[in-house]
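The structure appears below as structure tokens.
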Amino acid sequence: MTATLIFYLLGAVALVTTALAIIQRNPVYAVIYLVKSIFALALIFYLLGAPLVAALQVIVYAGAIMVLFLFVIMMLEITPVSARKSSAPGWLSWTPVVLVALVLAVMTLLLIGLDPVAEQGIPRWHATPRDFGYALFNEYALAVKIISFQLSFAAVGAFHIGLTERRRARMEKDS
Amino acid sequence: MIVPMEHLLVLATLLFVLGFSCVLVRRNLILILIGVEIMINAVGLVFIGAAALWQQVDGQIMVLLLMAITAAEVAIALALVVHLHQRKQSIDVGLFDEMRG
Amino acid sequence: MADTLFTVVLILAKLALIFGVVLFMAAYLVLAERKILGRMQLRYGPNRVGPFGLMQPLADVIKLLTKEDFLPARADKWLFLVAPGITAVTALLVFAVVPFGPTIEVFGRTIPAAVVDLNVGVLYFLGVSSMAVYGVVLGGWASCSKYSLLGSVRGLSQMVSYELSLGLSLVPVIMMARSFSLHDIVMAQASVPFLLLNPVACFVFLICILAESNRIPFDLPEAENELVGGFHTEYSGMRFGLFFVGEYINLVVLGSLMTVFFLGGWHGPWLPPVVWFLIKVLMVCGLFIWIRACLPRLRYDQLMNLGWKVLLPVSLLNILVTGAVLLGLGL
Amino acid sequence: MSRHVFRDIRGTLQPFWVTLRNLFRKPVTVQYPEQKQQLPERYRARLILTRDPDGGERCVACHLCSAACPVDCISMQATEAADGRRYAAWFRINFTRCIFCGLCTEACPTKAIQVTADFELAGRDPLKLVYEKVDLLVDHCGNDNSYNFYHQTGIGVTAPRGENPQETKPMDVKDLMP
């Protein structure tokens with residue numbers, strides 16, 4: 001009972017903070033609201049029996065990805081003053097959003113209506129880190145390898161894009 | 001029993017729509033990327049719910065892999081944002097439409 | 001019902017106790033640091049307020065509280081006011097999972113000597129300490145000052161880089177203890193502390209927590225002689241005090257985590273467990289102060305090179321070797 | 001390369017030993033209000049106006065000290081006695097501005113303004129640090145007991161120009177016709 005109540009509370013928090021995040025003019029505020037939303041989601045994950053993923057959600061999303069966003073915002077020198085000047089979106093651009101939202105709403109309703117499992121409640125269940133680790137490195141070993149390759153490609157790619165013209169020229173001269 | 005699966009699906013859908021509208025409506029490159037993050041989060045929520053529903057860890061592992069992919073995506077995307085900012089001194093998507101036919 | 005009430009009261013009592021002890025320790029660590037640094041530089045340190053300067057923390061608090069709470073004109077007001085709180089609160093939050101003694105018997109019930117004995121305690125610590133960077137970053141950004149911005153950009157990249165090695169240096173510990181719970185990790189060190197079993201991980205962890213707590217030789221975000229105080233340049237009064245106290249709470253917390261992960265927690269002969277825990281924490285804090293007296297600040301590129309080119313490979317290699325050894329021993 | 005590694009390791013560990021050794025040494029700090037430091041004899045601090053061996057004021061109000069003063073803390077009003085001897089009607093030093101540089105003593109031709117070793121000039125009221133002639137004038141000769149400016153030079157000319165013996169009258173330039 002308590003868990004159900006907390007779930008709805010957290011769901012409301014996640015929705016409100018996400019909504020606030022997307023209407024902010026100031027990207028720093030958007031990031032902060034999103035961090036709050038991520039926290040709420042992480043707690044929902046914990047309620048749904050995924051403590052490890054909840055912790056990783058905070059460490060990876062809030063601790064690394066959002067910080068990366070902040071880093072770029074600061075590198076681009078968006079100060080509190082200049083952030084207030086950026087433009088607000090026009091009303092016309094909301095039309096595709098409404099259409100897509102309608103499509104998604106219909107899809108979800110159909111899914112809920114047609115799928116017999118959807119009506120049953122999510123049982124109380126807890127995945128230990130040990131189960132998680134066994135499954136990750138036995139059944140999904142290949143996926144882990146592919147993902148790690150992808151991460152290293154991303155690192156190389158980000159390094160290449162991040163090079164300025166001057167440094168690239170210098171590196172070519174050296175080689 | 002914590003909560004019906006339907007409610008979780010509705011929550012995830014709402015979050016997804018919010019992220020999607022952010023991507024479509026906002027002109028700021030950084031906010032568009034934030035919209036992508038919101039959508040990925042919503043998908044992760046469904047995965048976790050499914051894992052709990054069927055009491056198997058596969059869904060949670062998918063979320064972990066999703067996080068790794070997101071980290072890679074964000075690294076590349078933000079590097080691109082910095083690169084674009086160096087070229088135009090702005091991160092408004094409206095300025096980067098030279099390939100318009 | 002009575003059971004729930006009892007649990008709530010117990011948790012509140014433990015919270016109050018820990019809150020009091022940690023704040024007290026943080027306040028007197030400031031004094032201890034000033035005294036020890038002074039003696040190491042052939043000075044006396046503060047000795048005016050009270051006998052041996054023992055009332056100095058009180059005087060500092062009064063001074064900070066009565067100062068003007070200054071808000072820069074172009075600053076982002078809301079974030080500027082919130083940021084110092086984030087630093088202090090995240091540091092305090094970590095202490096929720098730190099076990100400072102073996103399980104205790106109260107009214108016939110066995111309870112862990114920590115606020116909570118979380119089964120993902122290590123991940124909780126990593127998660128909350130990765131939040132600490134927000135205080136530094138938002139404080140610097142909201143001040144709308146060049147020095148603050150530079151300081152917070154530095155702090156951000158430094159803390160993110162060292163977070164990685166910090167997490168990886170804990171993986172061997174988790175492998176050896178076979179648990180994420182801090183209580184289990186301490187129990188696994190009943191005979192030999194992990195410091196002796198895996199000194200490389202301990203060394204990497206020590207360097208990383210030095211960097212995490214923004215102390216010399218890694219105090220680039222503050223760097224008072226190049227950045228005029230870095231991210232807290234524009235802060236005054238109790239808001240600066242919160243940043244300051246947060247740093248020392250962080251010191252206590254990281255010292256106790258060092259104790260838990262590598263120094264065998266409360267295990268020790270003769271003395272009661274809590275006393276052993278306290279002694280070990282104070283020893284780690286003393287080491288931090290000693291390091292501050294000895295080493296100069298690193299240059300920024302040296303800092304990044306150390307983090308990415310030395311600590312990261314070393315900790316990865318250490319995980320590999322530890323795993324191989326554990327596998328070879330058939331554990 | 002290997003030499004540098006050893007040097008670096010030594011350089012990292014050595015400070016730990018030095019600071020540990022210092023921890024058990026006696027601090028060199030002088031606990032100021034209780035213990036007073038023995039100041040050097042020629043310490044430059046608070047300024048005084050000295051008298052000549054005969055007990056008269058040395059100051060001749062030449063304004064050289066106030067001209068030399070980099071922070072403009074010295075001011076005075078010159079006047080003449082009946083016998084033509086110049087002296088300061090009032091003499092004022094603002095010690096809230098004085099930086100104890102001692103340039104005024106270098107400039108002084110009569111050795112009137114001199115420095116003392118008294119540096120304790122703190123106070124809550126800044127106006128109390130504006131010293132008048134009464135506060136500045138002492139009844140000793142400072143660090144030169146023999147020098148008396150007017151004995152070297154004599155008091156100035158009392159009679160109008162050209163009226164003294166062995167003197168011709170000054171020429172009237174307007175009057176110089178060919």
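Ligands are numbered from 1 in the order shown, chains are lettered A, B, ... in the order of the structure tokens, and residues start at 1 in each chain.
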Worksheet item: Can you tell me, as a list in words, what residues are no more than 10 Å from Gly94 in chain B when counting only C-alpha atoms, ignoring any on the same chain fewer than 4 positions away?
Response: Arg27, Asn28, Leu29, Ser90 and Glu98 of chain B
Item to complete: Could you tell me, as number ranges by chain, which residues of chain D DSSP assigns to helix (DSSP H, G or I) when given the backbone?
Response: D: 2-23, 64-68, 103-107, 126-129, 133-136, 149-153, 173-175
Please produce a file of the residues just selected, as a compact mmCIF listing (two decimals), in the first residue's frame, where the atoms kept are C-alpha atoms.
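The resulting file, out.txt, is shown below:
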```txt
# COMPACT_ATOMS: atom_id res chain seq x y z
CA SER D 2 64.80 6.41 -14.55
CA ARG D 3 66.86 9.06 -12.81
CA HIS D 4 63.88 11.42 -12.98
CA VAL D 5 61.55 8.82 -11.53
CA PHE D 6 63.77 8.40 -8.49
CA ARG D 7 64.13 12.15 -8.15
CA ASP D 8 60.38 12.60 -8.36
CA ILE D 9 59.64 9.91 -5.80
CA ARG D 10 62.19 11.44 -3.45
CA GLY D 11 60.75 14.87 -4.07
CA THR D 12 57.28 13.62 -3.21
CA LEU D 13 58.26 11.82 -0.04
CA GLN D 14 60.78 14.31 1.34
CA PRO D 15 58.22 16.99 2.29
CA PHE D 16 56.39 14.45 4.43
CA TRP D 17 59.51 13.97 6.51
CA VAL D 18 60.22 17.69 6.71
CA THR D 19 56.72 18.56 7.89
CA LEU D 20 56.69 15.70 10.39
CA ARG D 21 59.96 16.93 11.84
CA ASN D 22 58.62 20.48 12.02
CA LEU D 23 55.57 19.26 13.89
CA LEU D 64 60.60 69.35 2.25
CA CYS D 65 59.19 66.49 4.29
CA SER D 66 55.64 67.04 3.12
CA ALA D 67 56.92 67.26 -0.45
CA ALA D 68 58.83 64.00 -0.07
CA LEU D 103 61.41 59.47 3.24
CA CYS D 104 60.60 62.59 5.27
CA THR D 105 63.59 61.99 7.51
CA GLU D 106 65.81 61.67 4.45
CA ALA D 107 64.50 64.95 3.16
CA PRO D 126 40.90 57.45 13.17
CA LEU D 127 40.84 61.10 14.20
CA LYS D 128 42.88 60.23 17.26
CA LEU D 129 45.66 59.20 14.91
CA LYS D 133 52.61 69.48 16.91
CA VAL D 134 52.07 69.07 20.65
CA ASP D 135 51.89 65.33 20.22
CA LEU D 136 54.84 65.19 17.87
CA PHE D 149 70.98 73.84 12.04
CA TYR D 150 71.01 77.52 12.91
CA HIS D 151 74.47 77.23 14.41
CA GLN D 152 75.72 76.04 11.05
CA THR D 153 73.86 78.59 8.99
CA VAL D 173 65.65 96.34 -13.29
CA LYS D 174 63.00 98.68 -14.61
CA ASP D 175 65.34 101.50 -14.15
```
Discussion item. Tell me as a ChimeraX atom specification which residues belonging to chain A come within 10 Å of chain C, counting only C-alpha atoms.
Written reply: /A:28-29,32,35,51-68,70-75,77-81,128-130
Store the residues of this selection in a file with C-alpha atoms, as an mmCIF file, in the first residue's frame.
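Ended up saving to result38.cif:
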```cif
data_model
loop_
_atom_site.group_PDB
_atom_site.id
_atom_site.type_symbol
_atom_site.label_atom_id
_atom_site.label_comp_id
_atom_site.auth_asym_id
_atom_site.auth_seq_id
_atom_site.Cartn_x
_atom_site.Cartn_y
_atom_site.Cartn_z
ATOM 1 C CA VAL A 28 20.894 24.889 -16.931
ATOM 2 C CA TYR A 29 17.462 24.905 -15.330
ATOM 3 C CA ILE A 32 18.423 20.531 -13.076
ATOM 4 C CA VAL A 35 18.059 15.528 -12.736
ATOM 5 C CA PRO A 51 18.145 -1.553 -6.839
ATOM 6 C CA LEU A 52 21.227 -1.959 -8.995
ATOM 7 C CA VAL A 53 19.686 -0.235 -12.000
ATOM 8 C CA ALA A 54 18.337 2.489 -9.723
ATOM 9 C CA ALA A 55 21.830 3.181 -8.395
ATOM 10 C CA LEU A 56 23.291 3.079 -11.886
ATOM 11 C CA GLN A 57 20.568 5.417 -13.095
ATOM 12 C CA VAL A 58 21.716 8.001 -10.562
ATOM 13 C CA ILE A 59 25.430 7.411 -11.131
ATOM 14 C CA VAL A 60 25.332 7.301 -14.927
ATOM 15 C CA TYR A 61 22.492 9.670 -15.798
ATOM 16 C CA ALA A 62 22.574 12.216 -13.010
ATOM 17 C CA GLY A 63 26.258 11.845 -12.165
ATOM 18 C CA ALA A 64 27.807 11.616 -15.612
ATOM 19 C CA ILE A 65 25.495 12.400 -18.529
ATOM 20 C CA MET A 66 23.767 15.424 -17.025
ATOM 21 C CA VAL A 67 27.094 16.690 -15.739
ATOM 22 C CA LEU A 68 28.404 16.397 -19.279
ATOM 23 C CA LEU A 70 26.359 21.142 -17.785
ATOM 24 C CA PHE A 71 29.984 21.026 -18.875
ATOM 25 C CA VAL A 72 29.081 21.795 -22.471
ATOM 26 C CA ILE A 73 26.705 24.562 -21.395
ATOM 27 C CA MET A 74 29.520 26.151 -19.446
ATOM 28 C CA MET A 75 32.032 25.664 -22.238
ATOM 29 C CA GLU A 77 29.637 30.330 -22.003
ATOM 30 C CA ILE A 78 25.904 30.489 -21.479
ATOM 31 C CA THR A 79 25.856 32.734 -18.415
ATOM 32 C CA PRO A 80 22.804 33.460 -16.251
ATOM 33 C CA VAL A 81 22.365 36.710 -18.155
ATOM 34 C CA THR A 128 19.668 -9.143 -6.294
ATOM 35 C CA PRO A 129 22.849 -7.761 -7.802
ATOM 36 C CA ARG A 130 24.091 -11.357 -7.961
#
```
Discussion item. Give me the residues near range 74-88 of chain B as JSON, numbers by chain, where near means some atom within 8 Å (using only C-alpha atoms) and where sequence neighbours in that chain fewer than 2 positions away do not count.
Written reply: {"A": [65, 68, 69, 72, 76, 154, 155, 157, 158, 159, 161, 162], "B": [29, 30, 33, 70, 71, 72, 90, 91, 95]}
Worksheet item: Between A:Met107, A:Ala141, A:Ala101, A:Ile146, which is the closest to chain B once you count only C-alpha atoms?
Response: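 Distance minimum relative to chain B lands on A:Ala101.
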